[in-house]
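Asks: Please see the structure below; I have some questions.
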Amino acid sequence: MREVLKDLVEAVAAGRTVGLGTVVRTFRSAPRPAGASMMVDAEGLAVGSVSGGCVEGALYELASEVALSGRPVLQRYGISDDAAFEVGLTCGGIIDVFVEAVSQATFPELAQVAADLDADRPVAVVTVIEHPNPAWLGRHLVVHPDGFAGSLGSDRADQAVSDDVMGLLAAGRNTTLMYGPDGERRGDGMRVFVASFAPQPRMLVFGAIDFAAAVARQGSFLGYRVTVCDARAVFATRARFPVADEVVVEWPHRYLQAQIDAGLVDPRTVICVLTHDPKFDVPLLEVALRHEVAYVGAMGSRKTHDDRMERLREAGLTQPELSHLSSPIGLDLGSRTPEETAVSIAAEIIALRWGGQGRRLSDLLRDTLSDTASDQHVRIHHVPLADAAHEDESDGSPL
């Protein structure tokens with residue numbers, strides 16, 4: 001929703017009803033993650049994308065119809081031999097899109113959601129996408145760290161879902177959850193989609209060197225809030241790191257520990273240690289590897305790596321803790337320049353986040369050609385999400 005929020009809020013504030021399609025579940029090589037949205041307003045304006053162009057034409061028509069009828073629809077789009085180049089996903093993926101009518105009446109909490117996002121406050125929007133009672137479809141619950149607003153249909157459902165969503169919100173994760181019709185934890189019948197809007201994930205870059213400037217640019221491009229930290233004031237300057245959101249002069253391990261103590265480092269945070277100097281990186285890695293973060297990478301040669309690992313073992317780090325360290329940092333791309341090295345680091349972060357293998361896609365395609373025939377049988381159809389339980393699924397979580 002974030003990508004269409006400005007236009008969505010303006011249209012709803014003007015009293016218009018718009019059709020909003022949101023990807024709620026993805027399978028195989030879906031082109032956009034869960035949470036990607038497209039809106040169509042009463043004037044025919046389309047904003048956003050759910051597939052990068054493959055099914056937008058069909059969704060435009062459906063969203064226009066839903067805006068007029070007010071009846072939500074859960075629609076599946078996939079590939080088929082006869083329709084792939086008409087409204088199918090030619091990439092071979094499958095997406096489930098929930099299409100709803102959004103207006104001041106159907107989503108009175110929308111303006112507050114927009115205000116929370118503008119103020120960088122965490123908020124999650126829960127939408128009922130499946131229910132045996134059609135009256136529940138499209139209802140919203142807006143969840144904050146300290147409570148919730150709106151209702152899915154009953155107090156029991158609101159309490160159960162809001163409790164579960166708190167954990168998803170902390171991680172900034174989008175997913176679907178299944179409950180009984182009245183929010184029973186053991187049962188099925190009601191499925192909700194959770195879109196979590198947490199503050200930007202952080203990238204902490206330690207070591208104010210030329211490689212750090214390139215990594216900071218990559219981090220900013222990927223949507224991270226980037227901090228560059230170094231104990232040497234002559235190097236850690238705003239002039240050298242204009243893209244960074246902040247530049248800090250402090251001993252790295254002290255800064256990181258202070259950020260952890262303040263609750264400003266979470267499981268989405270990525271840490272890039274580029275100092276390759278034992279007096280900086282060993283105390284820093286002692287702190288980093290004992291805290292739950294998304295990624296810890298450290299720069300250095302094989303000799304530097306071996307020496308660093310020995311020092312960390314002497315400092316008392318266990319093998320499970322050391323296994324979280326990516327060292328030497330980055331993927332093997334044959335990088336030479338700081339910019340190329342930054343791309344290899346960004347590639348490793350992305351691969352670990354989504355479970356990628358770092359291989360050439362053309363090689364993967366050749367390895368899976370024998371499975372092509374079985375992938376062609378999925379056709380575009382409108383089915384309950386429960387019917388897809390056997391599919392390979394990606395939850396589409398954001399950065």
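Labels used: A, B, ... for chains in the order of the structure tokens, numbers from 1 for residues in each chain, and numbers from 1 for ligands as shown.
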Among segment 22-208 of chain A, which residues carry a DSSP assignment of strand (DSSP E or B), reported as a ChimeraX atom specification?
Replies: /A:22-27,37-40,46-48,73-77,94-102,123-130,140-144,147-150,175-179,190-197,202-206
Asks: Can you list, as a count of residues only, every residue of segment 139-360 of chain A that DSSP puts in helix (DSSP H, G or I)?
Replies: 84
Asks: Let me make sure I understand: among A:Leu169, A:Glu100, A:Asp155, A:Leu365, which one has the smallest atom-to-atom distance to Arg139 of chain A if we use only C-alpha atoms?
Replies: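 So, comparing all the options, the nearest one is A:Glu100.
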Asks: Find the residues around segment 309-322 of chain A up to 12 Å (only C-alpha atoms counted), leave out those fewer than 4 positions away in its own chain, and share them as a VMD selection string.
Replies: chain A and resid 277 to 279 281 to 293 296 to 298 300 302 to 305 326 to 328
Asks: Once you have the residues from the selection above, write them out as a PDB file, in the first residue's frame, restricted to N, CA and C atoms.
Replies:
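Written out: result38.pdb:
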```pdb
ATOM      1  N   ASP A 277      40.693  -3.881  10.927  1.00  0.00           N
ATOM      2  CA  ASP A 277      41.728  -3.534  11.899  1.00  0.00           C
ATOM      3  C   ASP A 277      41.287  -4.175  13.219  1.00  0.00           C
ATOM      4  N   PRO A 278      42.070  -5.089  13.786  1.00  0.00           N
ATOM      5  CA  PRO A 278      41.629  -5.837  14.968  1.00  0.00           C
ATOM      6  C   PRO A 278      41.169  -4.965  16.130  1.00  0.00           C
ATOM      7  N   LYS A 279      41.824  -3.835  16.332  1.00  0.00           N
ATOM      8  CA  LYS A 279      41.449  -3.029  17.495  1.00  0.00           C
ATOM      9  C   LYS A 279      40.056  -2.422  17.351  1.00  0.00           C
ATOM     10  N   ASP A 281      37.565  -3.947  14.758  1.00  0.00           N
ATOM     11  CA  ASP A 281      36.528  -4.901  14.345  1.00  0.00           C
ATOM     12  C   ASP A 281      36.315  -6.047  15.321  1.00  0.00           C
ATOM     13  N   VAL A 282      37.313  -6.467  16.099  1.00  0.00           N
ATOM     14  CA  VAL A 282      37.092  -7.568  17.036  1.00  0.00           C
ATOM     15  C   VAL A 282      36.130  -7.171  18.154  1.00  0.00           C
ATOM     16  N   PRO A 283      36.352  -6.044  18.864  1.00  0.00           N
ATOM     17  CA  PRO A 283      35.365  -5.645  19.884  1.00  0.00           C
ATOM     18  C   PRO A 283      33.977  -5.387  19.276  1.00  0.00           C
ATOM     19  N   LEU A 284      33.939  -4.858  18.059  1.00  0.00           N
ATOM     20  CA  LEU A 284      32.662  -4.595  17.397  1.00  0.00           C
ATOM     21  C   LEU A 284      31.928  -5.894  17.087  1.00  0.00           C
ATOM     22  N   LEU A 285      32.652  -6.878  16.540  1.00  0.00           N
ATOM     23  CA  LEU A 285      32.019  -8.144  16.185  1.00  0.00           C
ATOM     24  C   LEU A 285      31.597  -8.942  17.420  1.00  0.00           C
ATOM     25  N   GLU A 286      32.319  -8.760  18.536  1.00  0.00           N
ATOM     26  CA  GLU A 286      31.881  -9.395  19.779  1.00  0.00           C
ATOM     27  C   GLU A 286      30.465  -8.952  20.122  1.00  0.00           C
ATOM     28  N   VAL A 287      30.172  -7.677  19.930  1.00  0.00           N
ATOM     29  CA  VAL A 287      28.836  -7.141  20.224  1.00  0.00           C
ATOM     30  C   VAL A 287      27.840  -7.574  19.150  1.00  0.00           C
ATOM     31  N   ALA A 288      28.225  -7.410  17.879  1.00  0.00           N
ATOM     32  CA  ALA A 288      27.295  -7.655  16.770  1.00  0.00           C
ATOM     33  C   ALA A 288      26.832  -9.104  16.718  1.00  0.00           C
ATOM     34  N   LEU A 289      27.746 -10.046  16.920  1.00  0.00           N
ATOM     35  CA  LEU A 289      27.409 -11.454  16.750  1.00  0.00           C
ATOM     36  C   LEU A 289      26.645 -12.028  17.932  1.00  0.00           C
ATOM     37  N   ARG A 290      26.517 -11.264  19.001  1.00  0.00           N
ATOM     38  CA  ARG A 290      25.739 -11.707  20.156  1.00  0.00           C
ATOM     39  C   ARG A 290      24.339 -11.094  20.164  1.00  0.00           C
ATOM     40  N   HIS A 291      24.008 -10.388  19.088  1.00  0.00           N
ATOM     41  CA  HIS A 291      22.687  -9.760  18.994  1.00  0.00           C
ATOM     42  C   HIS A 291      22.014 -10.221  17.713  1.00  0.00           C
ATOM     43  N   GLU A 292      20.683 -10.329  17.736  1.00  0.00           N
ATOM     44  CA  GLU A 292      19.943 -10.809  16.572  1.00  0.00           C
ATOM     45  C   GLU A 292      19.798  -9.691  15.539  1.00  0.00           C
ATOM     46  N   VAL A 293      20.473  -9.847  14.409  1.00  0.00           N
ATOM     47  CA  VAL A 293      20.361  -8.923  13.284  1.00  0.00           C
ATOM     48  C   VAL A 293      20.246  -9.735  12.002  1.00  0.00           C
ATOM     49  N   VAL A 296      25.646  -9.781   9.327  1.00  0.00           N
ATOM     50  CA  VAL A 296      26.916  -9.208   9.788  1.00  0.00           C
ATOM     51  C   VAL A 296      27.989  -9.665   8.815  1.00  0.00           C
ATOM     52  N   GLY A 297      28.615  -8.714   8.140  1.00  0.00           N
ATOM     53  CA  GLY A 297      29.685  -9.019   7.204  1.00  0.00           C
ATOM     54  C   GLY A 297      30.935  -8.246   7.567  1.00  0.00           C
ATOM     55  N   ALA A 298      32.090  -8.861   7.375  1.00  0.00           N
ATOM     56  CA  ALA A 298      33.350  -8.202   7.722  1.00  0.00           C
ATOM     57  C   ALA A 298      34.337  -8.330   6.573  1.00  0.00           C
ATOM     58  N   GLY A 300      38.040  -8.280   4.682  1.00  0.00           N
ATOM     59  CA  GLY A 300      39.400  -8.684   5.017  1.00  0.00           C
ATOM     60  C   GLY A 300      39.876  -9.830   4.148  1.00  0.00           C
ATOM     61  N   ARG A 302      42.015 -13.497   3.470  1.00  0.00           N
ATOM     62  CA  ARG A 302      41.946 -14.791   4.163  1.00  0.00           C
ATOM     63  C   ARG A 302      42.777 -14.750   5.440  1.00  0.00           C
ATOM     64  N   LYS A 303      43.968 -14.148   5.368  1.00  0.00           N
ATOM     65  CA  LYS A 303      44.813 -14.070   6.558  1.00  0.00           C
ATOM     66  C   LYS A 303      44.135 -13.248   7.651  1.00  0.00           C
ATOM     67  N   THR A 304      43.540 -12.113   7.256  1.00  0.00           N
ATOM     68  CA  THR A 304      42.831 -11.276   8.216  1.00  0.00           C
ATOM     69  C   THR A 304      41.661 -12.040   8.817  1.00  0.00           C
ATOM     70  N   HIS A 305      40.946 -12.785   7.971  1.00  0.00           N
ATOM     71  CA  HIS A 305      39.805 -13.567   8.443  1.00  0.00           C
ATOM     72  C   HIS A 305      40.237 -14.600   9.471  1.00  0.00           C
ATOM     73  N   SER A 326      29.536 -13.264   7.969  1.00  0.00           N
ATOM     74  CA  SER A 326      29.898 -13.395   6.562  1.00  0.00           C
ATOM     75  C   SER A 326      31.278 -12.772   6.374  1.00  0.00           C
ATOM     76  N   SER A 327      32.272 -13.615   6.280  1.00  0.00           N
ATOM     77  CA  SER A 327      33.646 -13.132   6.167  1.00  0.00           C
ATOM     78  C   SER A 327      34.468 -14.125   5.349  1.00  0.00           C
ATOM     79  N   PRO A 328      35.160 -13.638   4.316  1.00  0.00           N
ATOM     80  CA  PRO A 328      35.167 -12.261   3.828  1.00  0.00           C
ATOM     81  C   PRO A 328      33.794 -11.827   3.305  1.00  0.00           C
TER      82      PRO A 328
END
```
Asks: If we count only C-alpha atoms and set the cut-off at 7 Å, which residues sit around Glu339 of chain A, ignoring sequence neighbours fewer than 3 positions away in its own chain? Please answer as a list in words.
Replies: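 Here the answer would be Ala214, Ala342 and Val343 of chain A.
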Asks: Give me a file of those residues, with C-alpha atoms, as a short mmCIF file (atom, residue, chain, number, x, y, z; two decimals), in the first residue's frame.
Replies:
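File selection.cif, as written:
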```
data_model
loop_
_atom_site.label_atom_id
_atom_site.label_comp_id
_atom_site.auth_asym_id
_atom_site.auth_seq_id
_atom_site.Cartn_x
_atom_site.Cartn_y
_atom_site.Cartn_z
CA ALA A 214 30.15 2.94 -2.07
CA ALA A 342 29.67 -2.65 -2.77
CA VAL A 343 27.49 -4.42 -5.34
#
```
Asks: Please, what distance in Å, to one decimal, runs between atom CA of Val194 of chain A and atom CA of Ala124 of chain A?
Replies: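 Straight-line distance from atom CA of Val194 of chain A to atom CA of Ala124 of chain A works out to 6.7 Å.
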Asks: Which neighbours of segment 249-265 of chain A fall inside 7 Å, counting only C-alpha atoms, when residues of the same chain fewer than 4 positions from it are skipped, and could you give them as a ChimeraX atom specification?
Replies: /A:206,229-233,236,269,280,283-284,287
Asks: Record the distance separating atom CA of Glu3 of chain A and atom CA of Phe197 of chain A, expressed in Å with one decimal.
Replies: 11.6 Å
Asks: Per residue of segment 39-131 of chain A within 7 Å of segment 6-29 of chain A, what are the shortest atom pair and its distance in Å to one decimal, counting only C-alpha atoms, with rows by chain and residue number, as JSON lines?
Replies:
```
{"residue": "A:Met39", "atom": "CA", "partner": "A:Leu20", "partner_atom": "CA", "distance": 4.3}
{"residue": "A:Val40", "atom": "CA", "partner": "A:Gly19", "partner_atom": "CA", "distance": 5.1}
{"residue": "A:Asp41", "atom": "CA", "partner": "A:Val18", "partner_atom": "CA", "distance": 4.4}
{"residue": "A:Ala42", "atom": "CA", "partner": "A:Val18", "partner_atom": "CA", "distance": 6.1}
{"residue": "A:Val50", "atom": "CA", "partner": "A:Val23", "partner_atom": "CA", "distance": 6.3}
{"residue": "A:Ala63", "atom": "CA", "partner": "A:Gly19", "partner_atom": "CA", "distance": 4.5}
{"residue": "A:Ser64", "atom": "CA", "partner": "A:Gly19", "partner_atom": "CA", "distance": 5.8}
{"residue": "A:Val66", "atom": "CA", "partner": "A:Gly19", "partner_atom": "CA", "distance": 6.0}
{"residue": "A:Ala67", "atom": "CA", "partner": "A:Gly19", "partner_atom": "CA", "distance": 4.6}
{"residue": "A:Cys91", "atom": "CA", "partner": "A:Ser29", "partner_atom": "CA", "distance": 6.6}
{"residue": "A:Gly92", "atom": "CA", "partner": "A:Ser29", "partner_atom": "CA", "distance": 6.4}
{"residue": "A:Gly93", "atom": "CA", "partner": "A:Ser29", "partner_atom": "CA", "distance": 4.6}
{"residue": "A:Ile94", "atom": "CA", "partner": "A:Phe27", "partner_atom": "CA", "distance": 5.0}
{"residue": "A:Ile95", "atom": "CA", "partner": "A:Thr26", "partner_atom": "CA", "distance": 4.6}
{"residue": "A:Asp96", "atom": "CA", "partner": "A:Arg25", "partner_atom": "CA", "distance": 5.1}
{"residue": "A:Val97", "atom": "CA", "partner": "A:Val23", "partner_atom": "CA", "distance": 4.4}
{"residue": "A:Phe98", "atom": "CA", "partner": "A:Thr22", "partner_atom": "CA", "distance": 5.3}
{"residue": "A:Val99", "atom": "CA", "partner": "A:Gly21", "partner_atom": "CA", "distance": 4.2}
{"residue": "A:Glu100", "atom": "CA", "partner": "A:Leu20", "partner_atom": "CA", "distance": 5.4}
{"residue": "A:Ala101", "atom": "CA", "partner": "A:Gly19", "partner_atom": "CA", "distance": 4.7}
{"residue": "A:Val102", "atom": "CA", "partner": "A:Val18", "partner_atom": "CA", "distance": 5.3}
{"residue": "A:Ser103", "atom": "CA", "partner": "A:Thr17", "partner_atom": "CA", "distance": 4.7}
{"residue": "A:Gln104", "atom": "CA", "partner": "A:Val12", "partner_atom": "CA", "distance": 6.0}
{"residue": "A:Ala111", "atom": "CA", "partner": "A:Val9", "partner_atom": "CA", "distance": 6.5}
```
Asks: Rounded to one decimal, what separation in Å do you get between atom CA of Phe235 of chain A and atom CA of Phe221 of chain A?
Replies: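 Atom CA of Phe235 of chain A sits 22.7 Å away from atom CA of Phe221 of chain A.
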